[in-house]
There are 4 protein chains.
Amino acid sequence: MKALLINCTLKPSSEESNTEALAEVVADALREEGVEVTSVRAVDHSIPPGVESEMGEGDEWPGIRSQILDAEILIFATPTWLGHPSSVSQLVLERMDAMISETDEKERPVAYNRVAGIVVTGNEDGAHHVISEVSGALGDIGFTIPGQAWTYWNKGPGPGEDYSETEEGHEWSHSTGRAAAANLLAVARALESKPIPAPPSE
Amino acid sequence: MKALLINCTLKPSSEESNTEALAEVVADALREEGVEVTSVRAVDHSIPPGVESEMGEGDEWPGIRSQILDAEILIFATPTWLGHPSSVSQLVLERMDAMISETDEKERPVAYNRVAGIVVTGNEDGAHHVISEVSGALGDIGFTIPGQAWTYWNKGPGPGEDYSETEEGHEWSHSTGRAAAANLLAVARALESKPIPAPPSE
Amino acid sequence: MKALLINCTLKPSSEESNTEALAEVVADALREEGVEVTSVRAVDHSIPPGVESEMGEGDEWPGIRSQILDAEILIFATPTWLGHPSSVSQLVLERMDAMISETDEKERPVAYNRVAGIVVTGNEDGAHHVISEVSGALGDIGFTIPGQAWTYWNKGPGPGEDYSETEEGHEWSHSTGRAAAANLLAVARALESKPIPAPPSE
Amino acid sequence: MKALLINCTLKPSSEESNTEALAEVVADALREEGVEVTSVRAVDHSIPPGVESEMGEGDEWPGIRSQILDAEILIFATPTWLGHPSSVSQLVLERMDAMISETDEKERPVAYNRVAGIVVTGNEDGAHHVISEVSGALGDIGFTIPGQAWTYWNKGPGPGEDYSETEEGHEWSHSTGRAAAANLLAVARALESKPIPAPPSE
């Protein structure tokens, strides 16, 4: 069983990412169960905006797309900006939009039988909305979203500390993240055992 | 395998519901696969607003709650008003909110191992958002949302005809609804075969 | 200058409302500037679901509708449930939906030249989204939403205390609420002085 | 009176933008009233992701930021992808996030006394949500959102034609766009005449 953690922080790898720090809790819980977890920080790559799987020379999306399709579990991690998923999140979702019409050798949309979970951090309120936005989009693309397959961290009201600047609330976020990992793995295994078939021909 | 179709139209049963008409396409597709489908129109019942499972004399929610927990598949159907799920939808979700802290005999949240799909109609734009809002809330409660487990119908731009006033676009909505039924059933069976266990103790 | 505070808590008046407690900060700031503020708790009234201004015997919405149209400023206050505006909020918005096609004696939609602000409380994350949902709907109906005309209170991550159970964060929420009151009043006065005319005939 | 039209299409200027075509209806209606309208297509510029006003060598955001602050009216135009505002929209909003804490010579947030309207196109459902998301964010930053200051075009259900591929529904979208222009201009003039003062000191 493989998982891909895609971190949609705005910060390049030269800077520490709060989102990654929390997402690693979910990743570690999966590793403890024997899942092979790979990570990618989208902003480190050259990904032109668009809704196609390949957009020409210099486009690094095809490599990330392969990593997504090589894994049964997707951990989608994003910060909250203005109460929304980051622009990098939306860029990634737009490129994934092409998957809606791409099918595997059994005529199933390529995202079928994959599960996705969401990790959100922020220095202000917004996580529930971000989770709904991202899981709605991933469900549209064909991912199955297990119950309670998310965790988040922020503290309100108003703008405040970042995740890495305090320990407050970490316990709840970590325990929720470990439950998310367990639910992702359980549903991934259930679908591996009894996969969703191709949609009925119309 | 059982399914409950909860219709969150604003209209009492004396009036025809467009939402029901489209939701029945999903219900019929499940029935063809041998699923026993029960329907409830929430607005016909006395459901006081609140976030508890039982709210005293005259509260008809406990009966609906039992129907939800008696089924492995939930079809959540709602019209779109002002681009949002209906007030009746949110009333139902609020009463379901209590399920977050209710567990079964195996210490699992009661919604675990149940799947949910969403059906949306409207005389104006909004379905994708309604699907995200409802599936986000149901995922929070513990339902698993299979990939592409929804259908919708509306025609833009601006306010226009209702679903029952035209045949335009019905074919797409029906075919998408039949795929939703297939995906709901496939994931319900996978979870029946390999259920999600209780979350890890913290 | 008049303001109406509509409180969309799920709790009847026999119970204390956290939402009202925070909304009163905005109301008080308006009163200090000479604005006459009236309050209504929607859940205390019999308001059948629907999208018409009058829905027959026993419908108490017409009285609330008159209060809305008698005021230049609307303070829309709601709790957060499952990350969404309350069902009572959506019920109120649905009944207000009829205003989109109701015009005054100058052929202007009846909500034109009125301003609206939003107050949100919750025991969990969601306020920014609730503000976007409510202000989007009110803008659709014709209300003008002044910049920074909202305040909120919640503390994350995860479910926690209610507003009235702690003093933490109140200072930020109150100061933000007083700014919201000032912005509501300033824009209401600007529109009183130079009103929006009827939309161009098509 | 000046307006800036910021087009958040994913397509560079070598390709035609449906969003621009509809946004030009609003721009033209403003020009007819003597407003000077400038346009910028964000994706044509090098704008690194972040939440600061200046992000170093090669960052072309500062020039766009100046254009925004040089205008009293902002027309924010975006396509719909996966039911959301485009990634370019969110990138622009993130860079505008810095304006929340930037003040003018009278200690007012720099966006105060500016108005914003929203134009949305899509080949599928989502416009109302996009309008709520964008107007919520702009209101957070300090822009005033006049009542009914938006227009949109899409046709459902399901993915379909683009705006430029049909004439269907254009009339409604154009007439709604002209009303949006009138409302933007009316509120901009009202605020010019009676500006919002600095928020009360805490």
# chains A, B, ... in the order shown; residues from 1 in each chain; ligands from 1
>>> interface_residues(of="chain C", to="chain B", cutoff="6 Å", atoms="only C-alpha atoms", output="PyMOL selection string")
chain C and resi 10+49-50+82+87+90-91+137
>>> select_by_dssp(residues="stretch 40-78 of chain B", states="alpha helix (DSSP H)", output="PyMOL selection string")
chain B and resi 61-70
>>> write_last_selection(atoms="all heavy atoms", output="PDB file, in the first residue's frame")
ATOM      1  N   TRP B  61     -37.728  13.436  15.144  1.00  0.00           N
ATOM      2  CA  TRP B  61     -36.394  13.094  14.652  1.00  0.00           C
ATOM      3  C   TRP B  61     -35.937  11.679  15.033  1.00  0.00           C
ATOM      4  O   TRP B  61     -35.350  10.982  14.182  1.00  0.00           O
ATOM      5  CB  TRP B  61     -35.348  14.124  15.119  1.00  0.00           C
ATOM      6  CG  TRP B  61     -33.975  13.722  14.741  1.00  0.00           C
ATOM      7  CD1 TRP B  61     -32.985  13.256  15.553  1.00  0.00           C
ATOM      8  CD2 TRP B  61     -33.416  13.674  13.410  1.00  0.00           C
ATOM      9  NE1 TRP B  61     -31.859  12.941  14.842  1.00  0.00           N
ATOM     10  CE2 TRP B  61     -32.099  13.187  13.523  1.00  0.00           C
ATOM     11  CE3 TRP B  61     -33.913  13.995  12.139  1.00  0.00           C
ATOM     12  CZ2 TRP B  61     -31.267  13.015  12.412  1.00  0.00           C
ATOM     13  CZ3 TRP B  61     -33.087  13.822  11.035  1.00  0.00           C
ATOM     14  CH2 TRP B  61     -31.791  13.342  11.178  1.00  0.00           C
ATOM     15  N   PRO B  62     -36.186  11.236  16.275  1.00  0.00           N
ATOM     16  CA  PRO B  62     -35.667   9.905  16.638  1.00  0.00           C
ATOM     17  C   PRO B  62     -36.069   8.802  15.658  1.00  0.00           C
ATOM     18  O   PRO B  62     -35.265   7.897  15.373  1.00  0.00           O
ATOM     19  CB  PRO B  62     -36.243   9.671  18.038  1.00  0.00           C
ATOM     20  CG  PRO B  62     -36.353  11.056  18.613  1.00  0.00           C
ATOM     21  CD  PRO B  62     -36.792  11.916  17.440  1.00  0.00           C
ATOM     22  N   GLY B  63     -37.263   8.877  15.111  1.00  0.00           N
ATOM     23  CA  GLY B  63     -37.676   7.876  14.127  1.00  0.00           C
ATOM     24  C   GLY B  63     -36.857   7.946  12.846  1.00  0.00           C
ATOM     25  O   GLY B  63     -36.462   6.916  12.280  1.00  0.00           O
ATOM     26  N   ILE B  64     -36.564   9.167  12.404  1.00  0.00           N
ATOM     27  CA  ILE B  64     -35.746   9.323  11.188  1.00  0.00           C
ATOM     28  C   ILE B  64     -34.314   8.877  11.464  1.00  0.00           C
ATOM     29  O   ILE B  64     -33.687   8.200  10.652  1.00  0.00           O
ATOM     30  CB  ILE B  64     -35.796  10.791  10.699  1.00  0.00           C
ATOM     31  CG1 ILE B  64     -37.239  11.167  10.342  1.00  0.00           C
ATOM     32  CG2 ILE B  64     -34.873  10.994   9.498  1.00  0.00           C
ATOM     33  CD1 ILE B  64     -37.436  12.622   9.991  1.00  0.00           C
ATOM     34  N   ARG B  65     -33.825   9.247  12.634  1.00  0.00           N
ATOM     35  CA  ARG B  65     -32.466   8.824  13.019  1.00  0.00           C
ATOM     36  C   ARG B  65     -32.344   7.297  12.973  1.00  0.00           C
ATOM     37  O   ARG B  65     -31.346   6.761  12.473  1.00  0.00           O
ATOM     38  CB  ARG B  65     -32.165   9.340  14.430  1.00  0.00           C
ATOM     39  CG  ARG B  65     -30.781   9.001  14.929  1.00  0.00           C
ATOM     40  CD  ARG B  65     -30.553   9.523  16.339  1.00  0.00           C
ATOM     41  NE  ARG B  65     -29.305   8.978  16.872  1.00  0.00           N
ATOM     42  CZ  ARG B  65     -29.197   7.748  17.369  1.00  0.00           C
ATOM     43  NH1 ARG B  65     -30.254   6.964  17.424  1.00  0.00           N
ATOM     44  NH2 ARG B  65     -28.026   7.337  17.817  1.00  0.00           N
ATOM     45  N   SER B  66     -33.361   6.609  13.458  1.00  0.00           N
ATOM     46  CA  SER B  66     -33.331   5.134  13.408  1.00  0.00           C
ATOM     47  C   SER B  66     -33.286   4.632  11.973  1.00  0.00           C
ATOM     48  O   SER B  66     -32.586   3.660  11.662  1.00  0.00           O
ATOM     49  CB  SER B  66     -34.583   4.548  14.063  1.00  0.00           C
ATOM     50  OG  SER B  66     -34.575   4.837  15.426  1.00  0.00           O
ATOM     51  N   GLN B  67     -34.034   5.292  11.109  1.00  0.00           N
ATOM     52  CA  GLN B  67     -34.019   4.872   9.695  1.00  0.00           C
ATOM     53  C   GLN B  67     -32.636   5.079   9.084  1.00  0.00           C
ATOM     54  O   GLN B  67     -32.176   4.261   8.284  1.00  0.00           O
ATOM     55  CB  GLN B  67     -35.065   5.660   8.898  1.00  0.00           C
ATOM     56  CG  GLN B  67     -36.507   5.264   9.223  1.00  0.00           C
ATOM     57  CD  GLN B  67     -37.499   6.065   8.386  1.00  0.00           C
ATOM     58  OE1 GLN B  67     -37.655   7.276   8.604  1.00  0.00           O
ATOM     59  NE2 GLN B  67     -38.145   5.419   7.428  1.00  0.00           N
ATOM     60  N   ILE B  68     -31.978   6.186   9.431  1.00  0.00           N
ATOM     61  CA  ILE B  68     -30.623   6.435   8.914  1.00  0.00           C
ATOM     62  C   ILE B  68     -29.681   5.323   9.363  1.00  0.00           C
ATOM     63  O   ILE B  68     -28.910   4.778   8.565  1.00  0.00           O
ATOM     64  CB  ILE B  68     -30.094   7.816   9.392  1.00  0.00           C
ATOM     65  CG1 ILE B  68     -30.911   8.955   8.780  1.00  0.00           C
ATOM     66  CG2 ILE B  68     -28.608   7.979   9.066  1.00  0.00           C
ATOM     67  CD1 ILE B  68     -30.576  10.343   9.330  1.00  0.00           C
ATOM     68  N   LEU B  69     -29.785   4.969  10.659  1.00  0.00           N
ATOM     69  CA  LEU B  69     -28.842   3.979  11.204  1.00  0.00           C
ATOM     70  C   LEU B  69     -29.214   2.550  10.822  1.00  0.00           C
ATOM     71  O   LEU B  69     -28.414   1.628  10.971  1.00  0.00           O
ATOM     72  CB  LEU B  69     -28.751   4.130  12.721  1.00  0.00           C
ATOM     73  CG  LEU B  69     -28.178   5.476  13.195  1.00  0.00           C
ATOM     74  CD1 LEU B  69     -28.026   5.486  14.704  1.00  0.00           C
ATOM     75  CD2 LEU B  69     -26.839   5.779  12.533  1.00  0.00           C
ATOM     76  N   ASP B  70     -30.411   2.375  10.302  1.00  0.00           N
ATOM     77  CA  ASP B  70     -30.852   1.060   9.850  1.00  0.00           C
ATOM     78  C   ASP B  70     -30.371   0.779   8.415  1.00  0.00           C
ATOM     79  O   ASP B  70     -30.490  -0.338   7.933  1.00  0.00           O
ATOM     80  CB  ASP B  70     -32.391   1.021   9.906  1.00  0.00           C
ATOM     81  CG  ASP B  70     -32.911  -0.404   9.911  1.00  0.00           C
ATOM     82  OD1 ASP B  70     -32.277  -1.255  10.576  1.00  0.00           O
ATOM     83  OD2 ASP B  70     -33.933  -0.663   9.248  1.00  0.00           O
TER      84      ASP B  70
END
>>> residues_around(residues="B:Asn183", least_positions_apart="5", cutoff="10 Å", atoms="only C-alpha atoms", output="list in words")
Tyr112, Gly142, Thr144, Pro195, Ile196, Pro197, Ala198, Pro199 and Pro200 of chain A; Val115, Gly117, Ile145, Pro146, Gly147, Gln148, Ala149, Trp150, Gly177, Arg178, Ala188 and Arg189 of chain B
>>> atom_distance(atom1="atom CA of C:Glu165", atom2="atom CA of C:Thr78")
17.7 Å
